[in-house]
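File shown: target.tsv (TSV, C-alpha atoms and all ligand atoms).
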chain	number	residue	atom	x	y	z
A	284	MET	CA	19.67	-24.89	-2.19
A	285	ASN	CA	16.12	-24.68	-0.88
A	286	ARG	CA	14.01	-27.80	-1.04
A	287	HIS	CA	11.34	-27.61	-3.70
A	288	LEU	CA	7.72	-27.94	-2.53
A	289	THR	CA	6.09	-31.06	-3.94
A	290	HIS	CA	2.57	-31.24	-2.44
A	291	ILE	CA	0.40	-28.21	-2.97
A	292	LEU	CA	-3.10	-27.31	-1.82
A	293	ILE	CA	-4.90	-24.65	-3.87
A	294	LEU	CA	-7.85	-22.75	-2.42
A	295	ALA	CA	-9.79	-21.26	-5.32
A	296	ASP	CA	-12.27	-18.41	-4.95
A	297	LEU	CA	-14.11	-16.65	-7.75
A	298	GLU	CA	-14.16	-12.91	-7.11
A	299	GLY	CA	-10.47	-12.41	-7.82
A	300	SER	CA	-10.38	-14.69	-10.87
A	301	SER	CA	-10.10	-13.50	-14.46
A	302	ALA	CA	-13.73	-13.71	-15.64
A	303	CYS	CA	-15.61	-12.33	-12.63
A	304	TRP	CA	-16.35	-8.67	-13.37
A	305	ASN	CA	-19.44	-7.82	-11.32
A	306	TYR	CA	-21.64	-8.98	-8.46
A	307	ARG	CA	-23.86	-11.02	-10.78
A	308	ALA	CA	-20.86	-13.08	-11.81
A	309	ALA	CA	-20.29	-14.03	-8.17
A	310	SER	CA	-24.00	-14.94	-7.75
A	311	PHE	CA	-25.32	-18.48	-8.15
A	312	LEU	CA	-27.18	-19.41	-11.39
A	313	THR	CA	-26.56	-16.36	-13.58
A	314	ASP	CA	-25.07	-16.32	-17.09
A	315	ASP	CA	-22.22	-14.14	-15.82
A	316	TRP	CA	-21.55	-16.70	-13.09
A	317	ALA	CA	-21.41	-19.55	-15.62
A	318	ARG	CA	-18.83	-17.58	-17.64
A	319	ALA	CA	-16.91	-16.75	-14.47
A	320	CYS	CA	-16.77	-20.47	-13.61
A	321	LEU	CA	-15.21	-21.15	-17.01
A	322	GLY	CA	-12.63	-18.39	-16.50
A	323	LEU	CA	-11.81	-19.64	-12.99
A	324	SER	CA	-11.38	-23.17	-14.30
A	325	ARG	CA	-8.92	-21.92	-16.93
A	326	ASP	CA	-6.99	-19.86	-14.36
A	327	VAL	CA	-6.72	-22.79	-11.98
A	328	SER	CA	-5.83	-25.26	-14.71
A	329	SER	CA	-3.01	-23.11	-16.03
A	330	VAL	CA	-1.54	-22.88	-12.52
A	331	VAL	CA	-1.93	-26.63	-11.99
A	332	SER	CA	-0.27	-27.53	-15.31
A	333	ALA	CA	2.62	-25.17	-14.64
A	334	LEU	CA	3.11	-26.65	-11.16
A	335	PHE	CA	3.20	-30.23	-12.43
A	336	ASP	CA	5.51	-29.25	-15.28
A	337	ALA	CA	7.81	-27.72	-12.68
A	338	GLY	CA	8.06	-31.05	-10.82
A	339	VAL	CA	5.28	-30.87	-8.23
A	340	GLU	CA	3.98	-34.35	-7.34
A	341	SER	CA	0.47	-33.64	-6.10
A	342	VAL	CA	-1.98	-30.75	-6.31
A	343	THR	CA	-5.30	-30.70	-4.47
A	344	ILE	CA	-7.73	-27.97	-5.45
A	345	LYS	CA	-10.43	-26.90	-3.00
A	346	ASP	CA	-13.22	-24.85	-4.55
A	347	PHE	CA	-14.04	-22.19	-1.95
A	348	HIS	CA	-16.70	-19.98	-3.54
A	349	ARG	CA	-20.29	-20.08	-2.21
A	350	THR	CA	-21.56	-23.65	-2.76
A	351	GLY	CA	-18.01	-24.89	-3.42
A	352	TYR	CA	-19.09	-25.96	-6.91
A	353	ASN	CA	-17.70	-23.50	-9.45
A	354	LEU	CA	-15.01	-25.51	-11.21
A	355	LEU	CA	-15.65	-27.25	-14.53
A	356	THR	CA	-13.62	-30.24	-13.46
A	357	GLU	CA	-13.30	-31.64	-17.00
A	358	ARG	CA	-11.48	-28.42	-18.03
A	359	ILE	CA	-8.80	-28.73	-15.38
A	360	ASP	CA	-5.52	-30.59	-15.78
A	361	SER	CA	-6.48	-34.15	-14.87
A	362	ARG	CA	-3.36	-34.65	-12.77
A	363	ALA	CA	-4.93	-32.53	-10.01
A	364	LYS	CA	-7.35	-33.77	-7.38
A	365	ILE	CA	-10.40	-31.51	-7.17
A	366	VAL	CA	-12.47	-31.24	-4.01
A	367	SER	CA	-15.81	-29.55	-4.63
A	368	GLY	CA	-18.44	-28.75	-2.00
A	369	PHE	CA	-17.79	-28.46	1.72
A	370	ARG	CA	-16.58	-30.85	4.40
A	371	ARG	CA	-17.07	-30.61	8.16
A	372	GLY	CA	-13.56	-30.87	9.43
A	373	PRO	CA	-10.99	-31.16	10.83
A	374	VAL	CA	-10.23	-28.10	8.70
A	375	PRO	CA	-13.53	-26.23	8.26
A	376	GLY	CA	-14.82	-26.60	4.69
A	377	ILE	CA	-11.79	-28.59	3.54
A	378	GLY	CA	-11.93	-31.76	5.61
A	379	HIS	CA	-8.52	-33.39	6.03
A	380	PRO	CA	-5.78	-31.46	4.21
A	381	GLY	CA	-3.87	-34.65	3.39
A	382	GLU	CA	-0.18	-34.48	2.59
A	383	SER	CA	-0.11	-30.83	1.47
A	384	GLN	CA	2.94	-28.84	2.52
A	385	ALA	CA	1.84	-25.44	1.33
A	386	VAL	CA	-1.26	-23.56	0.28
A	387	MET	CA	-1.74	-21.23	-2.68
A	388	LEU	CA	-4.79	-18.95	-2.50
A	389	LEU	CA	-6.20	-17.98	-5.90
A	390	GLY	CA	-9.08	-15.70	-6.93
A	391	MET	CA	-9.31	-14.09	-3.52
A	392	HIS	CA	-11.01	-10.84	-2.55
A	393	ALA	CA	-10.45	-8.14	0.06
A	394	ALA	CA	-12.02	-7.88	3.54
A	395	SER	CA	-15.49	-6.63	4.45
A	396	GLY	CA	-15.33	-2.90	5.09
A	397	SER	CA	-12.55	-2.24	2.57
A	398	HIS	CA	-12.64	-0.96	-0.99
A	399	GLY	CA	-11.41	-3.98	-2.87
A	400	PHE	CA	-13.26	-5.63	-5.76
A	401	LEU	CA	-16.44	-7.28	-4.36
A	402	ALA	CA	-14.85	-7.05	-0.92
A	403	HIS	CA	-16.39	-9.19	1.81
A	404	THR	CA	-15.40	-11.57	4.59
A	405	LEU	CA	-17.29	-14.91	4.42
A	406	THR	CA	-20.59	-13.23	3.45
A	407	SER	CA	-21.71	-9.87	2.11
A	408	ARG	CA	-24.16	-9.73	5.04
A	409	ILE	CA	-21.18	-8.59	7.10
A	410	ALA	CA	-20.61	-4.91	6.28
A	411	ARG	CA	-17.42	-4.67	8.33
A	412	LEU	CA	-15.34	-7.11	10.31
A	413	GLU	CA	-12.70	-5.71	12.55
A	414	VAL	CA	-10.44	-7.89	14.68
A	415	ASN	CA	-8.11	-6.36	17.26
A	416	GLY	CA	-8.46	-2.99	15.60
A	417	ARG	CA	-8.00	-3.90	11.93
A	418	LEU	CA	-10.05	-5.38	9.11
A	419	LEU	CA	-9.95	-9.16	8.87
A	420	ALA	CA	-9.60	-10.81	5.46
A	421	GLU	CA	-10.44	-14.48	4.79
A	422	VAL	CA	-6.80	-15.31	4.07
A	423	GLU	CA	-6.13	-15.06	7.82
A	424	LEU	CA	-8.93	-17.47	8.72
A	425	PHE	CA	-8.01	-20.00	6.02
A	426	ALA	CA	-4.26	-19.85	6.65
A	427	ALA	CA	-4.76	-20.13	10.43
A	428	SER	CA	-7.03	-23.17	10.00
A	429	LEU	CA	-4.25	-24.96	8.05
A	430	ALA	CA	-1.41	-24.02	10.41
A	431	PRO	CA	-1.96	-26.98	12.82
A	432	TRP	CA	-1.02	-29.26	9.88
A	433	GLY	CA	2.16	-27.29	9.30
A	434	ILE	CA	0.76	-26.03	5.99
A	435	ARG	CA	2.08	-22.59	5.15
A	436	PRO	CA	0.76	-20.03	2.69
A	437	VAL	CA	3.24	-19.54	-0.17
A	438	PHE	CA	1.27	-17.67	-2.84
A	439	PHE	CA	-1.75	-15.37	-3.03
A	440	SER	CA	-3.68	-13.84	-5.88
A	441	GLY	CA	-6.58	-11.40	-5.84
A	442	CYS	CA	-7.40	-7.73	-6.42
A	443	PRO	CA	-4.71	-5.20	-5.45
A	444	VAL	CA	-6.43	-4.39	-2.13
A	445	ALA	CA	-6.72	-8.11	-1.29
A	446	CYS	CA	-3.00	-8.54	-2.05
A	447	GLU	CA	-2.13	-5.57	0.12
A	448	GLN	CA	-4.16	-6.98	3.03
A	449	ALA	CA	-2.64	-10.46	2.68
A	450	ALA	CA	0.91	-9.14	2.48
A	451	ALA	CA	0.31	-6.96	5.54
A	452	VAL	CA	-0.48	-9.93	7.79
A	453	ILE	CA	1.57	-12.81	6.37
A	454	ASP	CA	5.26	-12.04	6.28
A	455	ASN	CA	7.04	-12.53	2.95
A	456	LEU	CA	3.91	-13.78	1.15
A	457	PRO	CA	4.34	-13.45	-2.64
A	458	CYS	CA	1.22	-11.86	-4.12
A	459	PHE	CA	0.08	-11.58	-7.73
A	460	ALA	CA	-2.65	-9.00	-8.34
A	461	ILE	CA	-5.48	-8.84	-10.84
A	462	ASP	CA	-6.26	-5.23	-11.65
A	463	LYS	CA	-9.81	-4.87	-12.98
A	464	SER	CA	-9.88	-1.08	-12.95
A	465	SER	CA	-9.61	-0.62	-16.73
A	466	GLY	CA	-12.53	-2.95	-17.47
A	467	GLN	CA	-13.12	-6.37	-18.97
A	468	GLN	CA	-12.78	-5.30	-22.64
A	469	LYS	CA	-9.19	-4.20	-22.17
A	470	PHE	CA	-8.17	-7.12	-19.97
A	471	ASP	CA	-5.97	-9.75	-21.59
A	472	SER	CA	-6.93	-12.83	-19.60
A	473	ARG	CA	-4.67	-15.19	-21.53
A	474	THR	CA	-1.51	-13.22	-20.75
A	475	TRP	CA	-2.57	-12.58	-17.15
A	476	ARG	CA	-3.27	-16.27	-16.64
A	477	SER	CA	0.11	-17.40	-17.93
A	478	GLU	CA	1.86	-14.79	-15.76
A	479	LEU	CA	-0.18	-16.01	-12.78
A	480	ALA	CA	0.98	-19.57	-13.42
A	481	GLN	CA	4.62	-18.52	-13.72
A	482	ALA	CA	4.38	-16.47	-10.54
A	483	ALA	CA	2.95	-19.50	-8.71
A	484	VAL	CA	5.79	-21.72	-9.97
A	485	GLY	CA	8.26	-19.10	-8.80
A	486	THR	CA	7.16	-19.69	-5.21
A	487	LEU	CA	7.90	-23.42	-5.15
A	488	SER	CA	11.28	-22.79	-3.58
A	489	ASN	CA	9.73	-20.37	-1.09
A	490	SER	CA	11.19	-21.05	2.31
A	491	GLN	CA	10.37	-17.60	3.65
A	492	THR	CA	6.82	-18.02	4.92
A	493	GLU	CA	5.73	-19.80	8.07
A	494	PRO	CA	2.42	-21.47	8.98
A	495	TYR	CA	0.14	-18.61	10.05
A	496	ARG	CA	-0.30	-18.61	13.82
A	497	PRO	CA	-1.39	-15.17	14.93
A	498	VAL	CA	-1.21	-14.53	18.65
A	499	GLY	CA	-4.54	-14.08	20.47
A	500	PRO	CA	-6.73	-13.23	22.23
A	501	PHE	CA	-9.01	-11.87	19.52
A	502	ARG	CA	-11.81	-9.37	19.85
A	503	ALA	CA	-13.96	-9.28	16.74
A	504	LEU	CA	-16.45	-6.52	15.99
A	505	VAL	CA	-18.92	-7.68	13.34
A	506	THR	CA	-21.17	-5.03	11.79
A	507	LEU	CA	-24.22	-6.51	10.05
A	508	ARG	CA	-25.33	-4.92	6.80
A	509	ASN	CA	-29.01	-5.35	7.69
A	510	GLY	CA	-28.65	-3.44	10.94
A	511	ALA	CA	-29.66	-3.80	14.57
A	512	ALA	CA	-32.65	-6.14	14.08
A	513	GLU	CA	-30.51	-8.82	12.43
A	514	ALA	CA	-27.71	-8.27	14.93
A	515	SER	CA	-30.09	-8.78	17.83
A	516	ARG	CA	-31.54	-11.93	16.25
A	517	LEU	CA	-28.04	-13.40	15.80
A	518	ALA	CA	-26.91	-12.23	19.24
A	519	ARG	CA	-29.83	-14.08	20.85
A	520	ARG	CA	-29.26	-17.14	18.69
A	521	TRP	CA	-25.56	-17.54	19.47
A	522	LYS	CA	-25.26	-15.57	22.74
A	523	PHE	CA	-22.95	-12.90	21.35
A	524	LYS	CA	-22.69	-9.44	22.88
A	525	GLN	CA	-24.57	-6.88	20.80
A	526	SER	CA	-24.71	-3.13	20.47
A	527	GLY	CA	-26.78	-1.70	17.61
A	528	ALA	CA	-25.79	-3.38	14.34
A	529	GLN	CA	-22.60	-4.69	15.90
A	530	LEU	CA	-21.79	-8.04	17.47
A	531	GLU	CA	-18.76	-8.68	19.63
A	532	ILE	CA	-16.97	-12.04	19.69
A	533	HIS	CA	-14.04	-12.95	21.92
A	534	THR	CA	-11.81	-15.97	21.29
A	535	LYS	CA	-8.36	-17.09	22.36
A	536	ARG	CA	-7.32	-18.48	18.98
A	537	MET	CA	-7.99	-17.55	15.36
A	538	ASP	CA	-9.36	-21.01	14.50
A	539	GLN	CA	-11.98	-20.58	17.26
A	540	LEU	CA	-12.89	-17.22	15.77
A	541	TYR	CA	-13.26	-18.87	12.37
A	542	LEU	CA	-15.70	-21.44	13.83
A	543	ALA	CA	-17.70	-18.70	15.55
A	544	LEU	CA	-17.94	-16.76	12.28
A	545	ILE	CA	-19.00	-19.88	10.37
A	546	LYS	CA	-21.87	-20.34	12.85
A	547	LEU	CA	-22.82	-16.71	12.55
A	548	CYS	CA	-22.73	-16.64	8.74
A	549	TYR	CA	-23.94	-20.07	7.67
A	550	LEU	CA	-25.63	-22.04	10.46
A	551	SER	CA	-28.70	-22.11	12.63
A	552	PRO	CA	-29.01	-24.23	15.81
A	553	LEU	CA	-30.95	-26.74	13.71
A	554	THR	CA	-28.49	-26.97	10.80
A	555	GLU	CA	-25.67	-27.18	13.35
A	556	LYS	CA	-27.35	-30.24	14.85
A	557	ILE	CA	-27.95	-31.93	11.51
A	558	LEU	CA	-24.75	-30.65	9.90
A	559	PRO	CA	-23.91	-33.77	7.82
A	560	LEU	CA	-27.40	-33.68	6.31
A	561	ALA	CA	-27.30	-29.91	5.78
A	562	LEU	CA	-23.93	-30.24	4.03
A	563	MET	CA	-25.26	-33.01	1.85
A	564	ALA	CA	-28.19	-30.84	0.77
A	565	SER	CA	-25.93	-27.87	0.12
A	566	ASN	CA	-23.50	-30.01	-1.90
A	567	LEU	CA	-26.38	-31.39	-3.95
A	568	ARG	CA	-27.53	-27.85	-4.69
A	569	GLY	CA	-23.98	-27.02	-5.81
A	570	ARG	CA	-23.80	-30.06	-8.09
A	571	LEU	CA	-27.13	-29.20	-9.70
A	572	GLY	CA	-25.89	-25.64	-10.18
A	573	MET	CA	-22.83	-26.92	-12.04
A	574	MET	CA	-25.05	-29.01	-14.32
A	575	TRP	CA	-27.01	-25.85	-15.08
A	576	ALA	CA	-23.78	-23.88	-15.72
A	577	ARG	CA	-22.47	-26.45	-18.20
A	578	ARG	CA	-25.75	-26.49	-20.11
A	579	ARG	CA	-25.89	-22.68	-20.13
A	580	LEU	CA	-22.29	-22.37	-21.37
A	581	ARG	CA	-23.12	-24.69	-24.26
A	582	GLN	CA	-26.24	-22.66	-25.10
A	583	LEU	CA	-24.20	-19.45	-24.97
A	584	GLY	CA	-21.60	-21.01	-27.26
A	585	SER	CA	-18.83	-20.56	-24.66
A	586	ILE	CA	-18.06	-24.29	-24.68
A	587	THR	CA	-18.88	-27.06	-27.11
A	601	ZN	ZN	-16.14	-16.14	-3.35
Represent the structure contained in this file as structure tokens.
Amino acid sequence: MNRHLTHILILADLEGSSACWNYRAASFLTDDWARACLGLSRDVSSVVSALFDAGVESVTIKDFHRTGYNLLTERIDSRAKIVSGFRRGPVPGIGHPGESQAVMLLGMHAASGSHGFLAHTLTSRIARLEVNGRLLAEVELFAASLAPWGIRPVFFSGCPVACEQAAAVIDNLPCFAIDKSSGQQKFDSRTWRSELAQAAVGTLSNSQTEPYRPVGPFRALVTLRNGAAEASRLARRWKFKQSGAQLEIHTKRMDQLYLALIKLCYLSPLTEKILPLALMASNLRGRLGMMWARRRLRQLGSIT
């Protein structure tokens, strides 16, 4: 019999969760976003409860959307450890992954340049991100950054296109889709959520997947949504090769590519220098945002 996984890391994003139905809901400080945070918290909590009930010993949840503060922590099964905001390393954004054996990716979206629901890679400022001739989804970056710790992806949930992209690159990865094509009114979030949780539990005996270590070198072509002027500004800033709206990045390993993309998307030479301070400020902004969301949800009557 396969050994049952006991220490699980969950990466939680918002776009592929059950209450995010438009771009506003993925945007900071909107009513739709506050409601989406509540839905995400319920999705994550139902997975967490099901995992503990199935015998898992520890679950760490890393909030991975925008500021990293989208989870109403008081609404999530208290047996889980919740990590909000972003850490420097050793795993970008996450910090130290601790004792986790496997990662479950929830609420994910498809890659920039594809037709999934709110598709993007890292930021919507990237219109298209192609690596070695195919679109690159975040699941590859996240899974590759956890591979040095022997942590393997065992479960993925997101829109059907996101699932297709994840399954295409990670062998034997069980995926559970959220199909938003028939609209929010007809969507039964309660049933979907409980099926999501059961599907996650079903992967605890997964011995099929391996830590994700794609073979390099990698040649990334990044097309900026704002065109050549932004591309040339970023090319000068980080010494990337540029042609029109496109930047070219070469790395040997996928984790190096991830770091280069983080610089490109989120940092400036100044914030890179004062990174601990910049992270502190960003985490404070996230915490204040969550305070706003809680107050707004009470005003809207969504929570008491
Ligand atoms: Zn997101």
Task: One-decimal distance in Å that lies between CA of Ser367 (chain A) and CA of Ala427 (chain A) - done: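 For CA of Ala427 (chain A) relative to CA of Ser367 (chain A), the distance reads 20.9 Å.
What separates CA of Leu544 (chain A) from CA of Thr350 (chain A) is a distance of 16.9 Å.
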Task: Best match for closeness to Arg411 (chain A) among A:Val505, A:Leu562, A:Leu297, A:Leu542, counting only C-alpha atoms - done: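 Looking at the shortest contact to Arg411 (chain A), the residue is A:Val505.
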Task: Among the residues A:Ser332, A:Leu401, A:His287, A:Gly378, the one that comes closest to ligand ZN 601 (chain A) [using all atoms listed in the file] - done: A:Leu401
Task: Neighbour list for Trp575 (chain A) as a VMD selection string, cut-off 12 Å, all atoms listed in the file, skip fewer than 3 positions in-chain - done: chain A and resid 311 to 314 316 to 318 320 352 to 353 355 568 to 572 578 to 582
- [ ] Please extract the residues at most 7 Å from ligand ZN 601 (chain A), counting all atoms listed in the file, and provide them as a list in words, using the chain letters and residue numbers of this document.
- [x]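 Protein and nucleic-acid residues within 7 Å of ligand ZN 601 (chain A): Asp296, Leu297, Glu298, Ala309, Phe347, His348 and Arg349 of chain A.
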Open item on the list: Report as a PyMOL selection string all protein, DNA and RNA residues lying within 6 Å of Ile409 (chain A), evaluated on only C-alpha atoms, omitting residues in the same chain fewer than 5 positions from it.
Closed with: chain A and resi 506-508
Task: Test item: residues at most 6 Å from Leu292 (chain A), all atoms listed in the file, excluding those fewer than 2 positions along its chain, as an NGL selection string - done: :A and (342-344 or 383 or 386)
Mind rebuilding region 458-479 of chain A with N, CA and C atoms and writing that out as a tab-separated table (two decimals), in the coordinates of the input?
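New file rebuild_20.tsv:
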chain	number	residue	atom	x	y	z
A	458	CYS	N	2.57	-12.13	-3.66
A	458	CYS	CA	1.22	-11.86	-4.12
A	458	CYS	C	1.23	-11.49	-5.60
A	459	PHE	N	0.20	-11.90	-6.31
A	459	PHE	CA	0.08	-11.58	-7.73
A	459	PHE	C	-1.32	-11.00	-7.94
A	460	ALA	N	-1.36	-9.70	-8.32
A	460	ALA	CA	-2.65	-9.00	-8.34
A	460	ALA	C	-3.36	-9.13	-9.68
A	461	ILE	N	-4.69	-8.98	-9.62
A	461	ILE	CA	-5.48	-8.84	-10.84
A	461	ILE	C	-6.14	-7.46	-10.74
A	462	ASP	N	-5.76	-6.60	-11.68
A	462	ASP	CA	-6.26	-5.23	-11.65
A	462	ASP	C	-7.41	-5.10	-12.64
A	463	LYS	N	-8.62	-4.92	-12.12
A	463	LYS	CA	-9.81	-4.87	-12.98
A	463	LYS	C	-10.27	-3.44	-13.25
A	464	SER	N	-9.42	-2.47	-12.88
A	464	SER	CA	-9.88	-1.08	-12.95
A	464	SER	C	-10.10	-0.59	-14.37
A	465	SER	N	-9.41	-1.15	-15.37
A	465	SER	CA	-9.61	-0.62	-16.73
A	465	SER	C	-10.69	-1.38	-17.51
A	466	GLY	N	-11.37	-2.32	-16.85
A	466	GLY	CA	-12.53	-2.95	-17.47
A	466	GLY	C	-12.22	-4.24	-18.21
A	467	GLN	N	-13.28	-5.02	-18.40
A	467	GLN	CA	-13.12	-6.37	-18.97
A	467	GLN	C	-12.63	-6.34	-20.42
A	468	GLN	N	-13.12	-5.35	-21.20
A	468	GLN	CA	-12.78	-5.30	-22.64
A	468	GLN	C	-11.27	-5.21	-22.85
A	469	LYS	N	-10.62	-4.44	-21.98
A	469	LYS	CA	-9.19	-4.20	-22.17
A	469	LYS	C	-8.32	-5.25	-21.48
A	470	PHE	N	-8.96	-6.17	-20.76
A	470	PHE	CA	-8.17	-7.12	-19.97
A	470	PHE	C	-7.77	-8.32	-20.82
A	471	ASP	N	-6.48	-8.62	-20.81
A	471	ASP	CA	-5.97	-9.75	-21.59
A	471	ASP	C	-5.84	-10.95	-20.64
A	472	SER	N	-6.92	-11.76	-20.60
A	472	SER	CA	-6.93	-12.83	-19.60
A	472	SER	C	-5.89	-13.91	-19.89
A	473	ARG	N	-5.62	-14.14	-21.17
A	473	ARG	CA	-4.67	-15.19	-21.53
A	473	ARG	C	-3.26	-14.87	-20.98
A	474	THR	N	-2.84	-13.63	-21.22
A	474	THR	CA	-1.51	-13.22	-20.75
A	474	THR	C	-1.47	-13.21	-19.22
A	475	TRP	N	-2.54	-12.64	-18.62
A	475	TRP	CA	-2.57	-12.58	-17.15
A	475	TRP	C	-2.46	-13.98	-16.54
A	476	ARG	N	-3.22	-14.89	-17.13
A	476	ARG	CA	-3.27	-16.27	-16.64
A	476	ARG	C	-1.89	-16.94	-16.71
A	477	SER	N	-1.20	-16.72	-17.82
A	477	SER	CA	0.11	-17.40	-17.93
A	477	SER	C	1.12	-16.75	-16.98
A	478	GLU	N	0.97	-15.44	-16.75
A	478	GLU	CA	1.86	-14.79	-15.76
A	478	GLU	C	1.54	-15.26	-14.34
A	479	LEU	N	0.25	-15.48	-14.09
A	479	LEU	CA	-0.18	-16.01	-12.78
A	479	LEU	C	0.48	-17.36	-12.53
